[in-house]
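Novice: Just so it is clear, I am handing over run_13.txt, which has compact mmCIF, C-alpha atoms and all ligand atoms.
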```txt
# COMPACT_ATOMS: atom_id res chain seq x y z
CA MET A 1 0.00 0.00 0.00
CA ARG A 2 3.00 2.25 0.49
CA HIS A 3 3.53 1.86 -3.25
CA VAL A 4 -0.07 2.70 -3.97
CA VAL A 5 -0.01 5.89 -1.92
CA LYS A 6 3.29 6.90 -3.46
CA ALA A 7 2.01 6.26 -6.97
CA PHE A 8 -1.30 7.93 -6.18
CA LYS A 9 0.42 11.17 -5.28
CA ARG A 10 2.15 11.33 -8.66
CA LEU A 11 -1.04 10.97 -10.69
CA LYS A 12 -2.71 13.77 -12.59
CA GLU A 13 -6.27 14.05 -13.84
CA GLN A 14 -5.19 12.68 -17.26
CA ASP A 15 -3.75 9.54 -15.64
CA PHE A 16 -7.00 8.87 -13.82
CA ARG A 17 -8.88 9.33 -17.07
CA ILE A 18 -6.75 6.63 -18.68
CA LEU A 19 -7.06 4.26 -15.74
CA ASN A 20 -10.77 4.86 -15.90
CA ALA A 21 -10.87 4.06 -19.61
CA ILE A 22 -9.07 0.76 -19.00
CA GLU A 23 -11.49 -0.07 -16.22
CA ARG A 24 -14.43 0.47 -18.53
CA GLY A 25 -12.74 -1.43 -21.35
CA MET A 26 -12.23 -4.41 -19.05
CA ALA A 27 -15.98 -5.03 -19.08
CA HIS A 28 -15.53 -6.19 -22.69
CA TYR A 29 -11.89 -7.22 -23.04
CA MET A 30 -9.51 -9.36 -21.05
CA TYR A 31 -6.77 -6.95 -22.21
CA VAL A 32 -7.95 -3.60 -23.47
CA PRO A 33 -6.38 -2.64 -26.83
CA VAL A 34 -4.62 0.71 -26.94
CA GLN A 35 -7.05 1.99 -29.60
CA GLU A 36 -9.90 1.24 -27.23
CA VAL A 37 -8.18 3.07 -24.35
CA ALA A 38 -7.72 6.02 -26.70
CA ARG A 39 -11.34 5.95 -27.77
CA LEU A 40 -12.71 5.66 -24.23
CA SER A 41 -10.45 8.39 -22.85
CA ASN A 42 -10.76 10.61 -25.89
CA TYR A 43 -6.98 11.01 -26.13
CA SER A 44 -4.71 10.25 -29.08
CA GLU A 45 -3.11 6.83 -29.30
CA ASN A 46 0.33 8.33 -29.00
CA TYR A 47 -0.52 10.24 -25.88
CA VAL A 48 -2.17 7.14 -24.41
CA LEU A 49 0.92 5.05 -25.12
CA THR A 50 3.24 7.46 -23.33
CA LYS A 51 0.91 7.63 -20.38
CA LEU A 52 0.55 3.85 -20.28
CA LYS A 53 4.30 3.51 -20.10
CA PHE A 54 4.32 5.82 -17.08
CA LEU A 55 1.40 4.00 -15.41
CA ASN A 56 3.10 0.68 -16.11
CA SER A 57 6.31 1.90 -14.42
CA LEU A 58 4.23 2.70 -11.31
CA GLY A 59 2.73 -0.79 -11.40
CA LEU A 60 -0.81 0.47 -11.98
CA VAL A 61 -1.39 -1.24 -15.31
CA GLN A 62 -0.03 -4.38 -16.85
CA ARG A 63 0.79 -4.89 -20.50
CA ARG A 64 0.14 -8.05 -22.42
CA LEU A 65 2.80 -9.04 -24.82
CA GLY A 66 1.32 -10.81 -27.76
CA ALA A 67 -0.97 -10.53 -30.71
CA TYR A 68 -2.08 -6.98 -29.95
CA PRO A 69 -0.78 -4.65 -27.26
CA GLY A 70 -3.41 -4.68 -24.56
CA PHE A 71 -3.57 -3.42 -21.01
CA ILE A 72 -5.29 -4.35 -17.77
CA LEU A 73 -5.51 -2.59 -14.41
CA THR A 74 -3.50 -4.12 -11.62
CA SER A 75 -5.03 -4.16 -8.15
CA ARG A 76 -2.85 -1.12 -7.37
CA GLY A 77 -4.36 0.69 -10.32
CA TYR A 78 -7.82 -0.18 -9.07
CA ASP A 79 -6.85 1.04 -5.59
CA CYS A 80 -5.84 4.41 -7.07
CA LEU A 81 -9.17 4.80 -8.87
CA ALA A 82 -11.11 4.10 -5.68
CA LEU A 83 -8.94 6.41 -3.57
CA ASN A 84 -9.30 9.18 -6.13
CA ALA A 85 -13.09 8.89 -6.03
CA LEU A 86 -13.16 8.94 -2.23
CA VAL A 87 -10.83 11.95 -2.03
CA LYS A 88 -12.86 13.83 -4.64
CA ARG A 89 -16.05 13.04 -2.78
CA GLY A 90 -14.61 14.55 0.39
CA VAL A 91 -14.63 11.24 2.28
CA LEU A 92 -10.85 10.94 2.64
CA ALA A 93 -8.25 13.63 3.09
CA ALA A 94 -5.31 13.58 0.64
CA VAL A 95 -4.28 10.07 1.24
CA THR A 96 -2.36 8.85 4.23
CA LEU A 97 -3.03 5.25 5.14
CA LYS A 98 -1.73 3.33 8.11
CA PRO A 99 -2.18 -0.44 8.13
CA ILE A 100 -4.38 -1.78 10.93
CA GLY A 101 -5.37 -5.22 9.74
CA VAL A 102 -4.68 -7.75 7.06
CA GLY A 103 -7.31 -10.35 6.44
CA LYS A 104 -7.22 -13.16 3.93
CA GLU A 105 -9.61 -11.24 1.75
CA SER A 106 -8.86 -7.65 2.55
CA ASP A 107 -6.36 -5.04 3.67
CA VAL A 108 -7.61 -2.61 6.29
CA PHE A 109 -6.08 0.81 6.91
CA GLU A 110 -6.65 3.79 9.08
CA GLY A 111 -7.36 6.95 7.08
CA LEU A 112 -8.47 10.49 7.86
CA THR A 113 -11.46 12.50 6.67
CA PRO A 114 -10.92 16.14 5.66
CA SER A 115 -12.29 17.16 9.08
CA GLY A 116 -9.70 14.97 10.81
CA ARG A 117 -11.89 12.05 11.84
CA ARG A 118 -10.09 8.68 11.89
CA VAL A 119 -11.80 6.09 9.71
CA ALA A 120 -11.25 2.49 8.70
CA VAL A 121 -10.59 1.95 4.97
CA LYS A 122 -11.10 -1.64 3.88
CA PHE A 123 -9.81 -2.79 0.48
CA HIS A 124 -11.51 -5.99 -0.62
CA ARG A 125 -9.14 -8.44 -2.31
CA LEU A 126 -11.48 -11.24 -3.16
CA GLY A 127 -10.09 -12.42 -6.44
CA ARG A 128 -6.60 -12.97 -5.05
CA THR A 129 -7.75 -15.72 -2.73
CA SER A 130 -8.44 -19.35 -3.09
CA PHE A 131 -11.32 -21.28 -4.50
CA ARG A 132 -12.67 -21.94 -1.01
CA LYS A 133 -13.08 -18.23 -0.43
CA THR A 134 -14.75 -17.72 -3.76
CA ARG A 135 -17.16 -20.48 -2.88
CA ARG A 136 -18.25 -18.56 0.18
CA TYR A 137 -19.82 -16.07 -2.19
CA ARG A 138 -21.69 -18.59 -4.33
CA ALA A 139 -24.90 -17.74 -2.57
CA TYR A 140 -25.08 -14.43 -4.36
CA ILE A 141 -22.75 -14.82 -7.30
CA GLY A 142 -24.74 -17.75 -8.64
CA GLU A 143 -23.38 -19.66 -11.57
CA ARG A 144 -21.68 -16.88 -13.52
CA LYS A 145 -18.80 -18.50 -15.30
CA HIS A 146 -16.13 -15.87 -15.59
CA ILE A 147 -15.90 -13.64 -12.56
CA SER A 148 -12.97 -11.26 -12.63
CA TRP A 149 -11.21 -10.28 -9.41
CA LEU A 150 -12.22 -6.72 -10.10
CA TYR A 151 -15.88 -7.60 -10.25
CA GLN A 152 -15.69 -9.91 -7.24
CA ALA A 153 -13.90 -7.38 -5.07
CA ARG A 154 -16.32 -4.62 -6.01
CA LEU A 155 -19.30 -6.87 -5.36
CA ALA A 156 -17.92 -7.82 -1.93
CA ALA A 157 -17.50 -4.14 -1.02
CA GLU A 158 -20.99 -3.29 -2.17
CA ARG A 159 -22.43 -6.24 -0.26
CA GLU A 160 -20.62 -5.28 2.90
CA TYR A 161 -21.67 -1.65 2.67
CA THR A 162 -25.29 -2.65 2.10
CA ALA A 163 -25.25 -4.92 5.15
CA LEU A 164 -23.86 -2.14 7.34
CA THR A 165 -26.50 0.32 6.15
CA LEU A 166 -29.19 -2.23 7.05
CA LEU A 167 -27.68 -3.10 10.44
CA PHE A 168 -26.39 0.18 11.81
CA PRO A 169 -29.74 2.05 12.00
CA HIS A 170 -31.17 -0.86 14.04
CA GLY A 171 -28.49 -0.40 16.67
CA VAL A 172 -26.65 -3.60 15.84
CA SER A 173 -23.08 -3.16 17.04
CA VAL A 174 -21.22 -2.89 13.71
CA PRO A 175 -18.86 -0.26 12.27
CA GLU A 176 -20.74 2.81 11.10
CA PRO A 177 -20.89 2.85 7.28
CA ILE A 178 -19.48 6.10 5.89
CA SER A 179 -18.94 5.55 2.17
CA TRP A 180 -17.84 3.07 -0.47
CA ASN A 181 -16.35 3.12 -3.94
CA ARG A 182 -15.42 0.18 -6.16
CA HIS A 183 -13.76 -2.41 -3.85
CA VAL A 184 -13.26 -0.03 -0.92
CA VAL A 185 -15.51 0.46 2.12
CA VAL A 186 -15.01 3.32 4.61
CA THR A 187 -16.39 2.91 8.13
CA SER A 188 -15.81 4.10 11.66
CA ILE A 189 -12.73 2.75 13.43
CA ILE A 190 -13.37 0.11 16.05
CA GLU A 191 -11.05 0.08 19.05
CA GLY A 192 -10.31 -3.17 20.78
CA ILE A 193 -8.95 -6.59 20.01
CA PRO A 194 -10.48 -9.55 18.21
CA LEU A 195 -11.86 -12.38 20.29
CA TYR A 196 -9.45 -14.94 18.90
CA MET A 197 -6.68 -13.20 20.86
CA LYS A 198 -8.58 -14.22 23.96
CA PRO A 199 -8.88 -10.87 25.72
CA GLU A 200 -9.28 -11.21 29.45
CA LEU A 201 -13.00 -10.93 30.21
CA SER A 202 -14.45 -10.23 33.64
CA ASP A 203 -17.71 -11.86 32.59
CA PRO A 204 -17.39 -14.08 29.49
CA LEU A 205 -21.00 -15.22 29.69
CA GLU A 206 -22.18 -11.61 29.58
CA VAL A 207 -20.01 -10.95 26.51
CA PHE A 208 -21.32 -14.08 24.83
CA TYR A 209 -24.91 -13.02 25.49
CA SER A 210 -24.22 -9.57 24.15
CA ILE A 211 -22.99 -11.10 20.89
CA ILE A 212 -26.10 -13.26 20.66
CA GLU A 213 -28.29 -10.26 21.44
CA ASN A 214 -26.70 -8.40 18.51
CA ILE A 215 -27.10 -11.36 16.18
CA SER A 216 -30.71 -11.58 17.21
CA ARG A 217 -31.27 -7.90 16.45
CA ALA A 218 -29.53 -8.31 13.10
CA VAL A 219 -31.82 -11.22 12.23
CA ILE A 220 -35.12 -9.97 13.59
CA LYS A 221 -34.85 -6.22 12.94
CA ALA A 222 -32.48 -5.93 9.97
CA GLU A 223 -33.27 -9.38 8.50
CA VAL A 224 -29.58 -10.03 8.00
CA VAL A 225 -27.61 -13.22 8.77
CA HIS A 226 -23.84 -12.75 9.05
CA GLY A 227 -22.85 -16.13 7.60
CA ASP A 228 -19.17 -16.13 8.61
CA LEU A 229 -19.23 -15.44 12.29
CA ASN A 230 -16.20 -16.55 14.27
CA GLU A 231 -13.73 -15.31 16.86
CA TYR A 232 -11.88 -13.29 14.20
CA ASN A 233 -14.90 -11.18 13.34
CA VAL A 234 -15.83 -10.00 16.82
CA ILE A 235 -13.88 -7.12 18.36
CA VAL A 236 -14.01 -6.49 22.11
CA ASP A 237 -13.00 -3.16 23.64
CA SER A 238 -11.60 -2.48 27.11
CA ASP A 239 -15.12 -2.04 28.53
CA GLU A 240 -16.02 -5.44 27.07
CA ASN A 241 -18.34 -3.94 24.46
CA ILE A 242 -18.42 -6.02 21.31
CA THR A 243 -18.57 -5.10 17.63
CA ILE A 244 -19.27 -7.57 14.83
CA ILE A 245 -17.24 -6.90 11.66
CA ASP A 246 -16.71 -8.45 8.22
CA TRP A 247 -20.13 -8.69 6.57
CA PRO A 248 -19.65 -9.18 2.78
CA GLN A 249 -21.02 -12.72 2.77
CA TRP A 250 -24.27 -11.90 4.62
CA VAL A 251 -27.55 -13.31 3.39
CA PRO A 252 -31.10 -12.05 3.92
CA VAL A 253 -33.15 -14.09 6.42
CA HIS A 254 -35.33 -15.40 3.61
CA HIS A 255 -32.39 -16.83 1.69
CA PRO A 256 -32.58 -20.64 1.42
CA SER A 257 -29.26 -21.01 3.30
CA ALA A 258 -30.10 -18.51 6.05
CA ASN A 259 -31.26 -21.08 8.64
CA MET A 260 -28.20 -23.19 8.17
CA LEU A 261 -25.81 -20.24 8.25
CA LEU A 262 -27.38 -18.73 11.35
CA LYS A 263 -27.15 -22.04 13.15
CA ARG A 264 -23.51 -22.38 12.18
CA ASP A 265 -22.74 -18.80 13.27
CA LEU A 266 -24.22 -19.46 16.70
CA LEU A 267 -22.53 -22.82 17.12
CA VAL A 268 -19.09 -21.52 16.12
CA LEU A 269 -19.21 -18.83 18.80
CA TYR A 270 -20.78 -21.12 21.34
CA ARG A 271 -18.00 -23.67 20.89
CA PHE A 272 -15.35 -20.97 21.06
CA PHE A 273 -16.66 -19.63 24.36
CA ARG A 274 -17.10 -23.11 25.76
CA SER A 275 -13.57 -24.20 24.97
CA LYS A 276 -11.64 -20.95 25.49
CA TYR A 277 -13.59 -19.33 28.33
CA LYS A 278 -14.79 -22.54 29.92
CA LEU A 279 -18.43 -21.54 29.75
CA LYS A 280 -20.61 -24.26 31.15
CA ASP A 281 -23.27 -25.86 29.03
CA ILE A 282 -25.73 -23.03 28.49
CA GLY A 283 -28.25 -24.98 26.47
CA MET A 284 -28.27 -23.63 22.94
CA GLU A 285 -31.93 -24.35 22.33
CA ASP A 286 -33.07 -22.41 25.39
CA MET A 287 -30.84 -19.54 24.43
CA VAL A 288 -32.19 -19.46 20.90
CA LYS A 289 -35.71 -19.26 22.35
CA LYS A 290 -34.73 -16.57 24.82
CA TYR A 291 -33.48 -14.37 21.99
CA GLY A 292 -36.46 -15.03 19.75
CA LEU A 293 -34.50 -16.92 17.12
CA GLU A 294 -36.33 -20.25 17.17
CA GLU A 295 -38.35 -19.60 14.03
CA TYR A 296 -35.13 -18.76 12.12
CA ILE A 297 -33.33 -22.00 12.91
CA CYS A 298 -34.22 -25.61 12.38
CA TRP A 299 -32.21 -27.99 14.55
N1 LIG B 1 -13.75 -0.92 11.33
C1 LIG B 1 -12.59 -1.42 11.77
N2 LIG B 1 -11.91 -0.80 12.76
C2 LIG B 1 -10.73 -1.30 13.19
N3 LIG B 1 -10.15 -2.41 12.72
C3 LIG B 1 -10.78 -3.08 11.73
C4 LIG B 1 -12.04 -2.63 11.21
N4 LIG B 1 -12.42 -3.49 10.25
C5 LIG B 1 -11.46 -4.43 10.17
N5 LIG B 1 -10.47 -4.21 11.07
C6 LIG B 1 -9.23 -5.01 11.25
O1 LIG B 1 -8.88 -5.64 10.05
C7 LIG B 1 -8.94 -7.07 10.16
C8 LIG B 1 -9.56 -7.70 8.92
O2 LIG B 1 -10.86 -7.19 8.77
P1 LIG B 1 -12.08 -8.11 8.29
O3 LIG B 1 -12.29 -9.24 9.21
O4 LIG B 1 -13.24 -7.20 8.06
O5 LIG B 1 -11.51 -8.60 6.90
P2 LIG B 1 -11.30 -10.04 6.24
O6 LIG B 1 -10.25 -9.90 5.23
O7 LIG B 1 -12.60 -10.49 5.77
O8 LIG B 1 -10.80 -10.97 7.37
P3 LIG B 1 -10.77 -12.58 7.39
O9 LIG B 1 -9.33 -12.92 7.28
O10 LIG B 1 -11.33 -12.83 8.76
O11 LIG B 1 -11.61 -13.13 6.33
C9 LIG B 1 -9.73 -7.32 11.42
O12 LIG B 1 -9.33 -8.49 12.06
C10 LIG B 1 -9.44 -6.10 12.26
O13 LIG B 1 -8.22 -6.28 12.96
MG MG B 2 -12.50 -11.22 9.14
```
What would the structure in this file look like if it were written as structure tokens?
Ligand SMILES: Nc1ncnc2c1ncn2[C@@H]1O[C@H](COP(=O)(O)OP(=O)(O)OP(=O)(O)O)[C@@H](O)[C@H]1O
Ligand SMILES: [Mg+2]
Specialist:
Amino acid sequence: MRHVVKAFKRLKEQDFRILNAIERGMAHYMYVPVQEVARLSNYSENYVLTKLKFLNSLGLVQRRLGAYPGFILTSRGYDCLALNALVKRGVLAAVTLKPIGVGKESDVFEGLTPSGRRVAVKFHRLGRTSFRKTRRYRAYIGERKHISWLYQARLAAEREYTALTLLFPHGVSVPEPISWNRHVVVTSIIEGIPLYMKPELSDPLEVFYSIIENISRAVIKAEVVHGDLNEYNVIVDSDENITIIDWPQWVPVHHPSANMLLKRDLLVLYRFFRSKYKLKDIGMEDMVKKYGLEEYICW
């Protein structure tokens, strides 16, 4: 990301216009021919070629050697387009990004808004990961044959942002959605440490119940099932308040897999608390009833 920020700062409006033309061309071509980049950007082929050389040297585009000279965006190039949009929109101040988390499917940074508010900036990296990860998204991708990383990453960001806008107004403890563009989602920063690091808890049962209470609100009020809940996606702060993060794979409660996913979400956390915090048998079925979830789960 250091490279991206460095490259970003050297770009002019014309460079963004060319990156943008390649992005649009990629809807129709694997590698976008130079003539097409020229047509879409409304610049001459010669000018485009010089610019492409420059963008290539920054690692923002990649050239195909072969039958015809064609170009694609690299993920760094895509990052620059998203950052440019967010800066222009007044969401991010001229970019400084400090890494705060690396997931298997994303890079998360701390950024600043023009008014100086600290925000979390999450870059989805879906296409770079394995088949297993892609499969997680089958529920909403369906059977589309060719899914480019660009499309997948953008879809994941859009999905996550949508989930947060459904959940946050219902008071579910999630990061506040601020904005999104392409594969990037901007939210409030959450302080604390993830559950998998086993933070010391004065009352683990209380924390567990507070997670379940939030899941229940997500399901009943926002009609959203997380679908990938585990100890990595729950952050606990020093007052033992929890926040549930990482929502791109959510499904609506009426989705055919919702029952199964909700049950799995609950069981994963239940088992984690039982083994790591030595919670006694709480009786899952009673708990599900207590939180009004029985009609959403079949045992
Ligand atoms: N809003 C936020 N505030 C602070 N830190 C965050 C925020 N969102 C994410 N993080 C950090 O970034 C890490 C990765 O985020 P997240 O779980 O959303 O992405 P992921 O790539 O899907 O992760 P995974 O590897 O679990 O699939 C988190 O573990 C957390 O440390
Ligand atoms: Mg995660």
Novice: What are the centre and the three edge lengths of an axis-aligned box that wraps all atoms of ligand LIG 1 (chain B) in the file, given that 6 Å is added to every side, written as JSON and rounded to one decimal in Å?
Specialist:
```
{"center_x": -11.0, "center_y": -7.0, "center_z": 9.2, "size_x": 17.5, "size_y": 24.3, "size_z": 20.0}
```
Novice: Which distance in Å separates atom CA of A:Val37 and atom CA of A:Arg125, to one decimal?
Specialist: 24.9 Å
Novice: Using all atoms listed in the file, which protein or nucleic acid residues come within 9 Å of A:Ile212? Drop anything in the same chain fewer than 2 positions from it, and give the result as a PyMOL selection string.
Specialist: chain A and resi 207-210+214-217+266+287-288+291
Novice: For a quick check of understanding, using only C-alpha atoms and all ligand atoms, which of A:Arg17, A:Arg118, A:Arg271, A:Lys263 has the smallest distance to ligand LIG 1 (chain B)?
Specialist: A:Arg118
Novice: Could you please give me, as JSON, numbers by chain, the residues of protein, DNA or RNA lying at most 12 Å from (-7.7, 3.4, 6.2) in the coordinate frame of the file, considering only C-alpha atoms?
Specialist: {"A": [1, 5, 83, 86, 91, 92, 93, 94, 95, 96, 97, 98, 99, 100, 101, 102, 106, 107, 108, 109, 110, 111, 112, 113, 117, 118, 119, 120, 121, 122, 123, 184, 185, 186, 187, 188, 189, 190]}
